[in-house]
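Participant: Structure in structure tokens, see below.
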Amino acid sequence: SGGSAQLERILGHFELLIGDSQYNLQSLAPYLTRPVPALPVYPVIDPPKLKALPYDTSLLEHLRATRQVNILFVSRIARNKRQDRLMQVLDYYYREIDPQVHLWLVGNENSDPAYRAELEELRLSLASRDHIHFTGKISDAQIYAYYRAADVLLSASEHEGFGVPLVEAMAFDVPVIAYAATAVPETMGEAGILIKDWDSPHIAGLIHNLHKNPAHKEQMFEQQRQNLRRFTSNEAKARLRAVINFLQSGETSPLMEEIQPGVE
């Protein structure tokens, strides 16, 4: 593609690569002609600031009023996000574990109309059809209400350069279960539950166990709070200081990792 050709032409002129994840930086390896140090500078996620932002109180009240399990996913409707897999987990939970459950698919529905039509066809074929909800593109205040109401954030995405909703969910003390693809393990760190082999009955069982086991959930919260320390403003400042020091002195930092050409 044109972008790839441009990368091949310009990457040789850079002495340091900076990105929002090591995964994204490593993807540049095929376009390098020599080893280059790289440094991920992660997005800053500040839980107190995030929780202080306005949220839709009436929506939150509505979501909580059902007293049912709320499974959440936040992202645009796109094939690589695999909303179909989430629907199948919800349907298994509904049929085999407890019908008191809802799946909320929050995000823009217009990016892939053909896939959205396929998802609707799938929804109508499922026993749980009325418990699967597409919200479309909504306001931040509404998204923050969904986070507050969620019992779990479930992601089957097959490609994430950095999973901001995974970290935002952690900031709201929502247990996170996610498919271990691309930058997701890097984003999750040692927190949440990573799924290597997607299996709907197994994942539905994990969600049910979390719902019924407060001690397990609290243990997850503590791990997730630890992970959030990687995304503080102080951590970002430390990484930017390493960049400035490199520009001034040429000295690399232990925070940097050299990317070898041709190895992705």
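All residue names refer to the structure tokens as shown: chains lettered A, B, ... in order, residues numbered from 1 in each chain, ligands numbered from 1 in order.
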What's the 8 Å shell around A:Ile45, counting only C-alpha atoms, without same-chain residues fewer than 2 positions away, as a list in words?
Facilitator: Pro43, Pro47, Leu50, Val167, Glu168, Ala171, Leu228, Phe231, Thr232 and Ser233 of chain A
Participant: Compile a residue-level contact table for stretch 5-76 of chain A against stretch 144-156 of chain A at a cut-off of 10 Å, reporting for every qualifying residue the shortest atom pair and its distance in Å to one decimal, with only C-alpha atoms counted, rows ordered by chain and ascending number, as CSV.
Facilitator:
residue,atom,partner,partner_atom,distance
A:Leu50,CA,A:Tyr144,CA,8.5
A:Lys51,CA,A:Tyr144,CA,8.0
A:Leu53,CA,A:Tyr144,CA,8.2
A:Pro54,CA,A:Tyr144,CA,7.9
A:Tyr55,CA,A:Tyr144,CA,5.5
A:Asp56,CA,A:Ala145,CA,5.6
A:Thr57,CA,A:Ala145,CA,6.9
A:Ser58,CA,A:Ala145,CA,8.8
A:Leu59,CA,A:Ala145,CA,6.5
A:Leu60,CA,A:Ala145,CA,5.0
A:Glu61,CA,A:Ala149,CA,8.5
A:His62,CA,A:Ala149,CA,9.3
A:Leu63,CA,A:Ala149,CA,6.2
A:Arg64,CA,A:Ala149,CA,6.1
A:Ala65,CA,A:Ala149,CA,9.9
A:Arg67,CA,A:Ala149,CA,9.9
A:Gln68,CA,A:Asp151,CA,9.1
A:Val69,CA,A:Asp151,CA,6.0
A:Asn70,CA,A:Ala150,CA,5.0
A:Ile71,CA,A:Val152,CA,5.2
A:Leu72,CA,A:Leu153,CA,4.7
A:Phe73,CA,A:Leu153,CA,5.7
A:Val74,CA,A:Leu153,CA,8.2
A:Ser75,CA,A:Ser155,CA,9.3
Participant: Excluding stretch 89-97 of chain A and any residue of its chain fewer than 4 positions from it, enumerate the residues within 6 Å of it, using only C-alpha atoms, and give them as an NGL selection string.
Facilitator: :A and (128 or 200 or 204)
Participant: Which residues, written as a tab-separated table (two decimals) with all heavy atoms, in the first residue's frame, have at least one atom at most 12 Å from A:Gln219, with only C-alpha atoms counted and residues fewer than 2 positions away on the same chain left out?
Facilitator:
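Generated file (part-v3.tsv):
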chain	number	residue	atom	x	y	z
A	173	ASP	N	-13.62	-0.08	38.13
A	173	ASP	CA	-13.72	-1.34	38.88
A	173	ASP	C	-14.71	-2.32	38.23
A	173	ASP	O	-15.56	-2.91	38.89
A	173	ASP	CB	-14.10	-1.10	40.34
A	173	ASP	CG	-12.87	-0.83	41.21
A	173	ASP	OD1	-11.76	-1.23	40.80
A	173	ASP	OD2	-13.02	-0.22	42.28
A	174	VAL	N	-14.56	-2.46	36.92
A	174	VAL	CA	-15.33	-3.46	36.18
A	174	VAL	C	-14.38	-4.62	35.84
A	174	VAL	O	-13.32	-4.38	35.26
A	174	VAL	CB	-15.91	-2.88	34.88
A	174	VAL	CG1	-16.69	-3.95	34.10
A	174	VAL	CG2	-16.81	-1.69	35.18
A	175	PRO	N	-14.71	-5.86	36.19
A	175	PRO	CA	-13.85	-6.98	35.81
A	175	PRO	C	-13.73	-7.07	34.30
A	175	PRO	O	-14.72	-6.90	33.58
A	175	PRO	CB	-14.59	-8.21	36.38
A	175	PRO	CG	-15.51	-7.67	37.41
A	175	PRO	CD	-15.89	-6.29	36.96
A	191	ALA	N	-3.37	-8.19	34.93
A	191	ALA	CA	-4.72	-7.99	35.47
A	191	ALA	C	-5.78	-8.62	34.58
A	191	ALA	O	-5.53	-8.99	33.44
A	191	ALA	CB	-5.00	-6.49	35.62
A	192	GLY	N	-7.00	-8.72	35.11
A	192	GLY	CA	-8.12	-9.24	34.36
A	192	GLY	C	-7.93	-10.71	34.02
A	192	GLY	O	-7.09	-11.41	34.60
A	193	ILE	N	-8.74	-11.19	33.08
A	193	ILE	CA	-8.65	-12.58	32.62
A	193	ILE	C	-8.40	-12.57	31.12
A	193	ILE	O	-9.22	-12.05	30.35
A	193	ILE	CB	-9.94	-13.36	32.93
A	193	ILE	CG1	-10.19	-13.41	34.44
A	193	ILE	CG2	-9.85	-14.78	32.37
A	193	ILE	CD1	-11.52	-14.06	34.82
A	210	LEU	N	-17.67	-14.96	38.48
A	210	LEU	CA	-17.39	-13.62	38.99
A	210	LEU	C	-18.61	-13.01	39.67
A	210	LEU	O	-18.52	-12.37	40.71
A	210	LEU	CB	-16.94	-12.70	37.84
A	210	LEU	CG	-15.48	-12.78	37.40
A	210	LEU	CD1	-15.28	-11.95	36.14
A	210	LEU	CD2	-14.57	-12.28	38.51
A	213	ASN	N	-19.12	-14.81	43.05
A	213	ASN	CA	-17.98	-14.92	43.95
A	213	ASN	C	-17.36	-13.55	44.21
A	213	ASN	O	-16.39	-13.16	43.57
A	213	ASN	CB	-16.95	-15.87	43.33
A	213	ASN	CG	-15.87	-16.27	44.32
A	213	ASN	OD1	-15.58	-15.54	45.26
A	213	ASN	ND2	-15.27	-17.42	44.08
A	214	PRO	N	-17.89	-12.80	45.18
A	214	PRO	CA	-17.38	-11.45	45.47
A	214	PRO	C	-15.89	-11.44	45.82
A	214	PRO	O	-15.18	-10.49	45.48
A	214	PRO	CB	-18.23	-11.00	46.67
A	214	PRO	CG	-19.47	-11.83	46.59
A	214	PRO	CD	-19.04	-13.15	46.04
A	215	ALA	N	-15.40	-12.48	46.49
A	215	ALA	CA	-13.99	-12.52	46.87
A	215	ALA	C	-13.09	-12.58	45.63
A	215	ALA	O	-12.06	-11.89	45.56
A	215	ALA	CB	-13.72	-13.72	47.77
A	216	HIS	N	-13.49	-13.39	44.66
A	216	HIS	CA	-12.73	-13.48	43.41
A	216	HIS	C	-12.76	-12.15	42.67
A	216	HIS	O	-11.76	-11.69	42.13
A	216	HIS	CB	-13.32	-14.60	42.54
A	216	HIS	CG	-12.53	-14.86	41.29
A	216	HIS	ND1	-13.04	-15.56	40.22
A	216	HIS	CD2	-11.27	-14.49	40.93
A	216	HIS	CE1	-12.12	-15.61	39.26
A	216	HIS	NE2	-11.05	-14.98	39.67
A	217	LYS	N	-13.92	-11.53	42.67
A	217	LYS	CA	-14.06	-10.24	42.00
A	217	LYS	C	-13.17	-9.18	42.66
A	217	LYS	O	-12.50	-8.40	41.98
A	217	LYS	CB	-15.53	-9.80	42.03
A	217	LYS	CG	-15.83	-8.59	41.16
A	217	LYS	CD	-17.26	-8.13	41.29
A	217	LYS	CE	-18.24	-9.12	40.72
A	217	LYS	NZ	-19.63	-8.56	40.72
A	221	PHE	N	-10.18	-6.86	41.15
A	221	PHE	CA	-10.13	-5.40	41.27
A	221	PHE	C	-8.74	-4.95	41.72
A	221	PHE	O	-8.20	-3.98	41.19
A	221	PHE	CB	-11.18	-4.90	42.26
A	221	PHE	CG	-12.60	-5.02	41.77
A	221	PHE	CD1	-13.65	-5.04	42.68
A	221	PHE	CD2	-12.89	-5.11	40.43
A	221	PHE	CE1	-14.96	-5.15	42.25
A	221	PHE	CE2	-14.20	-5.22	39.99
A	221	PHE	CZ	-15.24	-5.23	40.91
A	222	GLU	N	-8.18	-5.64	42.69
A	222	GLU	CA	-6.87	-5.26	43.21
A	222	GLU	C	-5.81	-5.39	42.13
A	222	GLU	O	-4.95	-4.51	41.97
A	222	GLU	CB	-6.51	-6.13	44.42
A	222	GLU	CG	-5.22	-5.71	45.11
A	222	GLU	CD	-5.18	-4.23	45.47
A	222	GLU	OE1	-6.22	-3.68	45.91
A	222	GLU	OE2	-4.10	-3.61	45.28
A	223	GLN	N	-5.86	-6.47	41.35
A	223	GLN	CA	-4.90	-6.65	40.25
A	223	GLN	C	-5.08	-5.55	39.20
A	223	GLN	O	-4.10	-5.02	38.66
A	223	GLN	CB	-5.10	-8.02	39.61
A	223	GLN	CG	-4.71	-9.19	40.49
A	223	GLN	CD	-5.13	-10.52	39.89
A	223	GLN	OE1	-6.05	-10.60	39.07
A	223	GLN	NE2	-4.46	-11.59	40.30
A	224	GLN	N	-6.32	-5.21	38.92
A	224	GLN	CA	-6.58	-4.18	37.92
A	224	GLN	C	-6.13	-2.81	38.40
A	224	GLN	O	-5.61	-2.00	37.62
A	224	GLN	CB	-8.07	-4.18	37.54
A	224	GLN	CG	-8.47	-5.45	36.80
A	224	GLN	CD	-9.92	-5.50	36.34
A	224	GLN	OE1	-10.29	-6.40	35.59
A	224	GLN	NE2	-10.76	-4.56	36.76
A	225	ARG	N	-6.31	-2.53	39.70
A	225	ARG	CA	-5.83	-1.25	40.23
A	225	ARG	C	-4.31	-1.15	40.15
A	225	ARG	O	-3.77	-0.07	39.90
A	225	ARG	CB	-6.32	-1.09	41.68
A	225	ARG	CG	-7.82	-0.88	41.80
A	225	ARG	CD	-8.30	-1.09	43.22
A	225	ARG	NE	-9.75	-1.17	43.31
A	225	ARG	CZ	-10.41	-1.82	44.26
A	225	ARG	NH1	-9.73	-2.46	45.23
A	225	ARG	NH2	-11.73	-1.86	44.26
A	226	GLN	N	-3.64	-2.28	40.37
A	226	GLN	CA	-2.18	-2.31	40.22
A	226	GLN	C	-1.80	-2.00	38.77
A	226	GLN	O	-0.87	-1.25	38.49
A	226	GLN	CB	-1.64	-3.69	40.61
A	226	GLN	CG	-1.78	-4.03	42.10
A	226	GLN	CD	-0.78	-3.29	42.98
A	226	GLN	OE1	0.24	-2.81	42.50
A	226	GLN	NE2	-1.09	-3.18	44.26
Participant: Would you list the contacts of A:Glu235 as a VMD selection string, taking every protein, DNA or RNA residue within 9 Å and counting only C-alpha atoms, but skipping same-chain residues closer than 5 positions in sequence?
Facilitator: chain A and resid 41 to 42 44 229 to 230 240
Participant: Could you write out that same residue set with N, CA and C atoms as an mmCIF file, in the first residue's frame?
Facilitator:
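Okay, this is what ended up in part.cif:
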data_model
loop_
_atom_site.group_PDB
_atom_site.id
_atom_site.type_symbol
_atom_site.label_atom_id
_atom_site.label_comp_id
_atom_site.auth_asym_id
_atom_site.auth_seq_id
_atom_site.Cartn_x
_atom_site.Cartn_y
_atom_site.Cartn_z
ATOM 1 N N VAL A 41 4.758 5.099 24.926
ATOM 2 C CA VAL A 41 4.245 6.080 25.890
ATOM 3 C C VAL A 41 2.742 5.845 25.940
ATOM 4 N N TYR A 42 2.303 5.183 26.997
ATOM 5 C CA TYR A 42 0.909 4.748 27.075
ATOM 6 C C TYR A 42 -0.038 5.921 27.325
ATOM 7 N N VAL A 44 -2.691 8.188 29.131
ATOM 8 C CA VAL A 44 -2.901 8.438 30.565
ATOM 9 C C VAL A 44 -4.369 8.179 30.901
ATOM 10 N N ARG A 229 -1.578 1.619 37.470
ATOM 11 C CA ARG A 229 -0.405 2.433 37.797
ATOM 12 C C ARG A 229 0.515 2.614 36.597
ATOM 13 N N ARG A 230 0.383 1.746 35.600
ATOM 14 C CA ARG A 230 1.198 1.847 34.386
ATOM 15 C C ARG A 230 0.739 2.996 33.498
ATOM 16 N N LEU A 240 8.532 10.386 28.819
ATOM 17 C CA LEU A 240 8.859 11.563 28.012
ATOM 18 C C LEU A 240 10.212 12.151 28.424
#
Participant: Check the DSSP output for the backbone and give back, as a PyMOL selection string, the residues of stretch 92-151 of chain A in alpha helix (DSSP H).
Facilitator: chain A and resi 92+113-125+140-149
Participant: For the atom pair atom CA of A:Ile10 and atom CA of A:Gln248, what is the interatomic distance in Å to one decimal place?
Facilitator: 22.0 Å
Participant: Which residue out of A:Leu103, A:Ala52, A:Leu16, A:Leu194 has the minimum interatomic distance to A:Pro35 when only C-alpha atoms are used?
Facilitator: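 With only C-alpha atoms as the atom set, the closest residue is A:Leu16.
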Participant: Could you find all residues in stretch 52-187 of chain A that DSSP calls strand (DSSP E or B) from the backbone, and write them as number ranges by chain?
Facilitator: A: 69-74, 101-106, 132-136, 152-155, 176-179
Participant: Have a look at A:Thr33, A:Thr135, A:Asn209, A:Asn227 and name the one nearest to A:Gly189; count only C-alpha atoms.
Facilitator: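 Once distances to A:Gly189 are computed over only C-alpha atoms, the minimum belongs to A:Asn227.
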Participant: Might you pull out every residue within 12 Å of A:Leu122, with only C-alpha atoms counted and same-chain residues fewer than 3 positions away left off, and present them as a VMD selection string?
Facilitator: chain A and resid 83 to 88 91 115 to 119 125 to 129 132
Participant: Show me, as a PyMOL selection string, the residues that have an atom within 6 Å of stretch 160-166 of chain A when counting only C-alpha atoms, minus same-chain residues fewer than 3 positions from it.
Facilitator: chain A and resi 24+169+182-183
Participant: Export, as a JSON list (two decimals), in the first residue's frame, the selected residues with N, CA, C and O atoms.
Facilitator:
[["chain", "number", "residue", "atom", "x", "y", "z"],
["A", 24, "ASN", "N", 2.42, -1.93, 18.68],
["A", 24, "ASN", "CA", 2.37, -1.07, 17.50],
["A", 24, "ASN", "C", 3.78, -0.73, 17.01],
["A", 24, "ASN", "O", 4.04, -0.68, 15.80],
["A", 169, "ALA", "N", -12.49, 0.53, 31.75],
["A", 169, "ALA", "CA", -13.33, -0.36, 32.56],
["A", 169, "ALA", "C", -12.66, -0.66, 33.89],
["A", 169, "ALA", "O", -13.31, -0.66, 34.95],
["A", 182, "THR", "N", -3.07, -9.47, 19.75],
["A", 182, "THR", "CA", -2.34, -8.23, 19.44],
["A", 182, "THR", "C", -1.90, -7.51, 20.73],
["A", 182, "THR", "O", -1.18, -8.10, 21.53],
["A", 183, "ALA", "N", -2.31, -6.25, 20.96],
["A", 183, "ALA", "CA", -1.80, -5.50, 22.11],
["A", 183, "ALA", "C", -2.61, -5.71, 23.38],
["A", 183, "ALA", "O", -2.33, -5.08, 24.40]]
Participant: I'd like to know which of A:His131, A:Asp98, A:Asp140, A:Lys81 is closest to A:Ser111, using only C-alpha atoms.
Facilitator: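 Closest to A:Ser111 of all the choices is A:Lys81.
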Participant: One decimal, in Å: what's the spacing between atom CA of A:Gly136 and atom CA of A:Asn80?
Facilitator: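 Straight-line distance from atom CA of A:Gly136 to atom CA of A:Asn80 works out to 17.3 Å.
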Participant: Please measure the separation of atom CA of A:Ala38 and atom CA of A:Val184, giving the value in Å to one decimal.
Facilitator: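 Pair atom CA of A:Ala38 / atom CA of A:Val184 returns 18.9 Å.
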